[in-house]
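Student: Below are the C-alpha coordinates for one structure; questions will follow.
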Amino acid sequence: GLVGSHAETVRELRSTIDTHLRTIADLQAQVKQLQSALAHAQQSEQAALAKWEQERKGFEHTIITLQQNIAELLAQRQAAADEIDKLRDALSAAQSALAQLQKQKDKEIAELNAQIRSLQSTIEQLQKEMQGMISTHMETVKELRTSIEKHTHTI
(Lines give C-alpha, C1' and ligand atoms only; values in the text may rest on other atoms or scores of the structure.)
Protein backbone atom coordinates (compact mmCIF):
# COMPACT_ATOMS: atom_id res chain seq x y z
CA GLY A 1 0.00 0.00 0.00
CA LEU A 2 2.64 2.56 1.05
CA VAL A 3 5.03 1.49 -1.72
CA GLY A 4 2.20 1.74 -4.26
CA SER A 5 1.31 5.22 -3.00
CA HIS A 6 4.92 6.38 -3.31
CA ALA A 7 5.25 4.81 -6.76
CA GLU A 8 2.07 6.62 -7.88
CA THR A 9 3.45 9.91 -6.49
CA VAL A 10 6.70 9.35 -8.41
CA ARG A 11 4.73 8.71 -11.65
CA GLU A 12 2.69 11.88 -11.11
CA LEU A 13 5.82 13.93 -10.41
CA ARG A 14 7.54 12.60 -13.54
CA SER A 15 4.44 13.42 -15.59
CA THR A 16 4.49 16.97 -14.17
CA ILE A 17 8.18 17.31 -15.08
CA ASP A 18 7.43 16.15 -18.64
CA THR A 19 4.64 18.74 -18.90
CA HIS A 20 6.95 21.53 -17.75
CA LEU A 21 9.68 20.47 -20.19
CA ARG A 22 7.16 20.43 -23.08
CA THR A 23 6.03 23.94 -22.10
CA ILE A 24 9.64 25.14 -22.24
CA ALA A 25 10.10 23.58 -25.70
CA ASP A 26 6.87 25.23 -26.93
CA LEU A 27 8.05 28.65 -25.70
CA GLN A 28 11.39 28.21 -27.43
CA ALA A 29 9.60 27.34 -30.70
CA GLN A 30 7.47 30.50 -30.42
CA VAL A 31 10.59 32.63 -30.00
CA LYS A 32 12.12 31.01 -33.12
CA GLN A 33 8.95 31.77 -35.11
CA LEU A 34 9.00 35.42 -34.03
CA GLN A 35 12.69 35.70 -34.89
CA SER A 36 11.89 34.33 -38.36
CA ALA A 37 9.10 36.91 -38.79
CA LEU A 38 11.53 39.65 -37.76
CA ALA A 39 14.09 38.48 -40.33
CA HIS A 40 11.37 38.44 -43.01
CA ALA A 41 10.32 42.01 -42.12
CA GLN A 42 13.93 43.15 -42.32
CA GLN A 43 14.32 41.48 -45.73
CA SER A 44 11.12 43.19 -46.93
CA GLU A 45 12.49 46.54 -45.79
CA GLN A 46 15.75 45.94 -47.69
CA ALA A 47 13.83 44.94 -50.83
CA ALA A 48 11.66 48.06 -50.60
CA LEU A 49 14.75 50.24 -50.18
CA ALA A 50 16.46 48.62 -53.17
CA LYS A 51 13.35 49.09 -55.33
CA TRP A 52 13.03 52.72 -54.30
CA GLU A 53 16.71 53.36 -54.99
CA GLN A 54 16.37 51.89 -58.49
CA GLU A 55 13.30 54.02 -59.22
CA ARG A 56 14.98 57.12 -57.76
CA LYS A 57 17.98 56.64 -60.04
CA GLY A 58 15.64 56.32 -63.01
CA PHE A 59 13.94 59.58 -62.13
CA GLU A 60 17.27 61.31 -61.54
CA HIS A 61 18.46 60.17 -64.97
CA THR A 62 15.23 61.42 -66.52
CA ILE A 63 15.56 64.77 -64.74
CA ILE A 64 19.19 65.20 -65.84
CA THR A 65 18.26 64.33 -69.42
CA LEU A 66 15.38 66.79 -69.40
CA GLN A 67 17.60 69.52 -67.94
CA GLN A 68 20.16 68.91 -70.67
CA ASN A 69 17.45 69.08 -73.31
CA ILE A 70 16.22 72.37 -71.87
CA ALA A 71 19.73 73.81 -71.98
CA GLU A 72 20.12 72.81 -75.63
CA LEU A 73 16.77 74.27 -76.57
CA LEU A 74 17.49 77.51 -74.76
CA ALA A 75 20.32 78.02 -77.25
CA GLN A 76 17.70 77.91 -80.00
CA ARG A 77 15.21 79.92 -77.95
CA GLN A 78 12.94 81.46 -80.59
CA ALA A 79 12.31 78.30 -82.56
CA ALA A 80 11.94 76.09 -79.47
CA ALA A 81 9.75 78.09 -77.06
CA ASP A 82 6.85 75.57 -77.20
CA GLU A 83 9.19 72.59 -76.78
CA ILE A 84 10.78 74.22 -73.71
CA ASP A 85 7.37 74.52 -72.06
CA LYS A 86 6.65 70.85 -72.76
CA LEU A 87 9.99 69.79 -71.31
CA ARG A 88 9.46 71.97 -68.23
CA ASP A 89 6.09 70.29 -67.69
CA ALA A 90 7.74 66.87 -68.07
CA LEU A 91 10.48 67.93 -65.62
CA SER A 92 7.89 69.13 -63.13
CA ALA A 93 5.96 65.89 -63.48
CA ALA A 94 9.14 63.84 -62.97
CA GLN A 95 10.07 65.91 -59.90
CA SER A 96 6.55 65.49 -58.49
CA ALA A 97 6.71 61.76 -59.13
CA LEU A 98 10.09 61.60 -57.39
CA ALA A 99 8.72 63.55 -54.41
CA GLN A 100 5.72 61.20 -54.27
CA LEU A 101 8.03 58.20 -54.47
CA GLN A 102 10.09 59.63 -51.59
CA LYS A 103 6.94 60.07 -49.48
CA GLN A 104 5.83 56.51 -50.24
CA LYS A 105 9.28 55.13 -49.45
CA ASP A 106 9.37 57.04 -46.14
CA LYS A 107 5.92 55.70 -45.25
CA GLU A 108 6.89 52.11 -46.13
CA ILE A 109 10.13 52.37 -44.16
CA ALA A 110 8.27 53.80 -41.17
CA GLU A 111 5.74 50.95 -41.33
CA LEU A 112 8.48 48.33 -41.64
CA ASN A 113 10.43 49.92 -38.78
CA ALA A 114 7.27 49.90 -36.64
CA GLN A 115 6.75 46.22 -37.46
CA ILE A 116 10.37 45.46 -36.63
CA ARG A 117 10.16 47.35 -33.31
CA SER A 118 6.93 45.55 -32.46
CA LEU A 119 8.43 42.15 -33.28
CA GLN A 120 11.58 42.95 -31.33
CA SER A 121 9.49 44.06 -28.35
CA THR A 122 7.38 40.90 -28.55
CA ILE A 123 10.50 38.73 -28.76
CA GLU A 124 12.06 40.52 -25.79
CA GLN A 125 8.86 40.14 -23.76
CA LEU A 126 8.56 36.46 -24.67
CA GLN A 127 12.21 35.90 -23.83
CA LYS A 128 11.67 37.54 -20.42
CA GLU A 129 8.54 35.49 -19.85
CA MET A 130 10.27 32.35 -21.07
CA GLN A 131 13.22 32.96 -18.74
CA GLY A 132 10.85 33.43 -15.83
CA MET A 133 8.87 30.34 -16.77
CA ILE A 134 12.03 28.31 -17.35
CA SER A 135 13.33 29.37 -13.93
CA THR A 136 9.98 28.48 -12.35
CA HIS A 137 9.79 25.18 -14.23
CA MET A 138 13.40 24.32 -13.42
CA GLU A 139 12.77 25.10 -9.74
CA THR A 140 9.65 22.91 -9.90
CA VAL A 141 11.64 20.14 -11.63
CA LYS A 142 14.30 20.43 -8.92
CA GLU A 143 11.66 20.21 -6.18
CA LEU A 144 9.96 17.30 -7.92
CA ARG A 145 13.26 15.45 -8.29
CA THR A 146 13.97 16.02 -4.59
CA SER A 147 10.49 14.67 -3.82
CA ILE A 148 11.12 11.67 -6.10
CA GLU A 149 14.39 11.00 -4.31
CA LYS A 150 12.62 11.14 -0.95
CA HIS A 151 9.83 8.83 -2.15
CA THR A 152 12.30 6.52 -3.86
CA HIS A 153 14.42 6.44 -0.72
CA THR A 154 11.29 5.74 1.33
CA ILE A 155 10.37 2.90 -1.01
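Scheme for the C-alpha coordinates: letters A, B, ... for chains in order shown; per-chain residue numbers from 1; ligand numbers from 1 in order shown.
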Per residue of stretch 11-103 of chain A within 7 Å of stretch 119-133 of chain A, record the nearest atom pair and its distance in Å to one decimal, counting only C-alpha atoms, with rows in chain order and ascending residue number, as a tab-separated table.
Tutor:
```
residue	atom	partner	partner_atom	distance
A:Leu27	CA	A:Met130	CA	6.3
A:Val31	CA	A:Ile123	CA	6.2
A:Leu34	CA	A:Ile123	CA	6.4
A:Leu38	CA	A:Leu119	CA	6.0
```
Student: Quick one: everything within 7 Å of stretch 86-94 of chain A, counting only C-alpha atoms, minus sequence neighbours fewer than 5 positions away in the same chain. Send it as a PyMOL selection string.
Tutor: chain A and resi 59+63+66+70
Student: Could you pull the residues within 8 Å of stretch 101-118 of chain A, counting only C-alpha atoms, minus those fewer than 3 positions along the same chain, as an MDAnalysis selection string?
Tutor: chainID A and resid 38 41:42 44:45 48:49 52 56 97:98 121:122
Student: Separation of atom CA of A:Arg145 and atom CA of A:Arg14, in Å?
Tutor: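 Computing the Euclidean distance for atom CA of A:Arg145 and atom CA of A:Arg14 yields 8.3 Å.
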Student: Grab the atom CA of A:Gln33 to atom CA of A:Ala50 distance for me, in Å with one decimal place.
Tutor: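 Separation between atom CA of A:Gln33 and atom CA of A:Ala50: 25.8 Å.
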Student: Please indicate the distance in Å from atom CA of A:Gln30 to atom CA of A:Ile17, rounded to one decimal place.
Tutor: 20.2 Å
